[in-house]
Amino acid sequence: MSKTTLTLSEPVAQTLKVYTVQSKSSLRAQSEVVEEALIEFFERHGVKIDALLSPEGLDRKTMVI
């Protein structure tokens, strides 16, 4: 699984934290929430995402440009 660093405005970062805790019952799920949002964004903008199966058995996404 790849890692990346994002810089978010304070209001967006706070909203992410609150939403993550409310929807996933854990602050550790922030990556999952961000990944779901990015997948939705890419799909809405016609960017193709090829699904790959990770070693952990989770369906992860890799963007093909």
# chains A, B, ... in the order shown; residues from 1 in each chain; ligands from 1
call {"tool": "residues_around", "arguments": {"residues": "Ser31 of chain A", "least_positions_apart": "5", "cutoff": "12 Å", "atoms": "only C-alpha atoms", "output": "list in words"}}
result
Met1, Ser2, Lys3, Thr4, Thr5, Leu6, Leu16, Lys17, Thr20, Lys24, Ser26, Glu36, Ala37, Leu38 and Arg60 of chain A
call {"tool": "closest_residue", "arguments": {"among": "A:Glu32, A:Ile39, A:Thr7, A:His45", "to": "Tyr19 of chain A", "atoms": "only C-alpha atoms"}}
result
A:Glu32
call {"tool": "closest_residue", "arguments": {"among": "A:Lys48, A:Glu35, A:Phe41, A:Leu27", "to": "Thr15 of chain A", "atoms": "only C-alpha atoms"}}
result
A:Leu27
call {"tool": "atom_distance", "arguments": {"atom1": "atom CA of Ala29 of chain A", "atom2": "atom CA of Ile49 of chain A"}}
result
21.3 Å
call {"tool": "atom_distance", "arguments": {"atom1": "atom CA of Glu43 of chain A", "atom2": "atom CA of Ser9 of chain A"}}
result
24.1 Å
call {"tool": "select_by_dssp", "arguments": {"residues": "segment 1-57 of chain A", "states": "alpha helix (DSSP H)", "output": "PyMOL selection string"}}
result
chain A and resi 10-24+30-44
call {"tool": "write_last_selection", "arguments": {"atoms": "N, CA, C and O atoms", "output": "short mmCIF file (atom, residue, chain, number, x, y, z; two decimals), in the first residue's frame"}}
result
data_model
loop_
_atom_site.label_atom_id
_atom_site.label_comp_id
_atom_site.auth_asym_id
_atom_site.auth_seq_id
_atom_site.Cartn_x
_atom_site.Cartn_y
_atom_site.Cartn_z
N GLU A 10 -7.56 23.73 7.67
CA GLU A 10 -8.05 23.31 8.99
C GLU A 10 -9.52 22.89 8.96
O GLU A 10 -9.86 21.86 9.54
N PRO A 11 -10.39 23.65 8.28
CA PRO A 11 -11.80 23.23 8.25
C PRO A 11 -12.01 21.87 7.57
O PRO A 11 -12.80 21.05 8.03
N VAL A 12 -11.28 21.61 6.49
CA VAL A 12 -11.40 20.32 5.79
C VAL A 12 -10.84 19.19 6.66
O VAL A 12 -11.44 18.12 6.78
N ALA A 13 -9.71 19.43 7.29
CA ALA A 13 -9.10 18.41 8.17
C ALA A 13 -10.04 18.07 9.33
O ALA A 13 -10.22 16.90 9.68
N GLN A 14 -10.64 19.09 9.92
CA GLN A 14 -11.56 18.86 11.04
C GLN A 14 -12.80 18.10 10.58
O GLN A 14 -13.28 17.19 11.25
N THR A 15 -13.33 18.47 9.41
CA THR A 15 -14.50 17.78 8.87
C THR A 15 -14.17 16.32 8.58
O THR A 15 -14.99 15.43 8.87
N LEU A 16 -12.98 16.06 8.06
CA LEU A 16 -12.55 14.68 7.80
C LEU A 16 -12.51 13.89 9.10
O LEU A 16 -13.00 12.76 9.16
N LYS A 17 -11.95 14.47 10.13
CA LYS A 17 -11.86 13.79 11.43
C LYS A 17 -13.25 13.46 11.98
O LYS A 17 -13.52 12.34 12.39
N VAL A 18 -14.13 14.45 11.97
CA VAL A 18 -15.47 14.26 12.51
C VAL A 18 -16.23 13.21 11.70
O VAL A 18 -16.83 12.29 12.25
N TYR A 19 -16.19 13.34 10.38
CA TYR A 19 -16.90 12.38 9.52
C TYR A 19 -16.36 10.97 9.71
O TYR A 19 -17.12 10.00 9.78
N THR A 20 -15.05 10.84 9.78
CA THR A 20 -14.43 9.52 9.92
C THR A 20 -14.88 8.86 11.22
O THR A 20 -15.27 7.70 11.22
N VAL A 21 -14.84 9.57 12.31
CA VAL A 21 -15.24 9.01 13.60
C VAL A 21 -16.72 8.66 13.58
O VAL A 21 -17.12 7.58 14.06
N GLN A 22 -17.55 9.52 13.01
CA GLN A 22 -18.99 9.26 12.98
C GLN A 22 -19.36 8.10 12.06
O GLN A 22 -20.23 7.30 12.39
N SER A 23 -18.69 7.98 10.92
CA SER A 23 -19.07 6.96 9.94
C SER A 23 -18.33 5.65 10.10
O SER A 23 -18.85 4.59 9.74
N LYS A 24 -17.12 5.69 10.64
CA LYS A 24 -16.30 4.48 10.74
C LYS A 24 -16.00 4.08 12.17
O LYS A 24 -15.36 3.07 12.41
N GLN A 30 -9.20 7.21 8.48
CA GLN A 30 -9.12 8.38 7.61
C GLN A 30 -8.64 8.03 6.20
O GLN A 30 -9.17 8.56 5.22
N SER A 31 -7.68 7.15 6.08
CA SER A 31 -7.18 6.77 4.76
C SER A 31 -8.28 6.13 3.93
O SER A 31 -8.40 6.39 2.73
N GLU A 32 -9.09 5.31 4.57
CA GLU A 32 -10.20 4.65 3.88
C GLU A 32 -11.20 5.69 3.37
O GLU A 32 -11.66 5.62 2.23
N VAL A 33 -11.54 6.66 4.20
CA VAL A 33 -12.48 7.71 3.82
C VAL A 33 -11.92 8.53 2.66
O VAL A 33 -12.62 8.80 1.68
N VAL A 34 -10.65 8.91 2.74
CA VAL A 34 -10.03 9.71 1.68
C VAL A 34 -9.95 8.89 0.39
O VAL A 34 -10.25 9.39 -0.69
N GLU A 35 -9.59 7.61 0.49
CA GLU A 35 -9.51 6.78 -0.71
C GLU A 35 -10.88 6.65 -1.37
O GLU A 35 -11.00 6.77 -2.60
N GLU A 36 -11.93 6.43 -0.58
CA GLU A 36 -13.28 6.34 -1.14
C GLU A 36 -13.67 7.63 -1.85
O GLU A 36 -14.26 7.61 -2.93
N ALA A 37 -13.32 8.77 -1.24
CA ALA A 37 -13.64 10.07 -1.85
C ALA A 37 -12.86 10.27 -3.15
O ALA A 37 -13.42 10.77 -4.14
N LEU A 38 -11.60 9.88 -3.17
CA LEU A 38 -10.79 10.03 -4.39
C LEU A 38 -11.30 9.12 -5.50
O LEU A 38 -11.36 9.53 -6.67
N ILE A 39 -11.68 7.91 -5.17
CA ILE A 39 -12.23 7.00 -6.17
C ILE A 39 -13.50 7.60 -6.78
O ILE A 39 -13.66 7.62 -8.01
N GLU A 40 -14.37 8.10 -5.93
CA GLU A 40 -15.60 8.73 -6.43
C GLU A 40 -15.28 9.94 -7.32
O GLU A 40 -15.87 10.11 -8.39
N PHE A 41 -14.31 10.76 -6.89
CA PHE A 41 -13.90 11.92 -7.67
C PHE A 41 -13.37 11.50 -9.05
O PHE A 41 -13.77 12.05 -10.08
N PHE A 42 -12.47 10.53 -9.08
CA PHE A 42 -11.89 10.07 -10.34
C PHE A 42 -12.97 9.50 -11.27
O PHE A 42 -12.97 9.78 -12.47
N GLU A 43 -13.87 8.71 -10.72
CA GLU A 43 -14.92 8.12 -11.54
C GLU A 43 -15.83 9.20 -12.12
O GLU A 43 -16.22 9.12 -13.28
N ARG A 44 -16.16 10.21 -11.33
CA ARG A 44 -17.01 11.30 -11.82
C ARG A 44 -16.34 12.10 -12.92
O ARG A 44 -16.99 12.70 -13.76
#
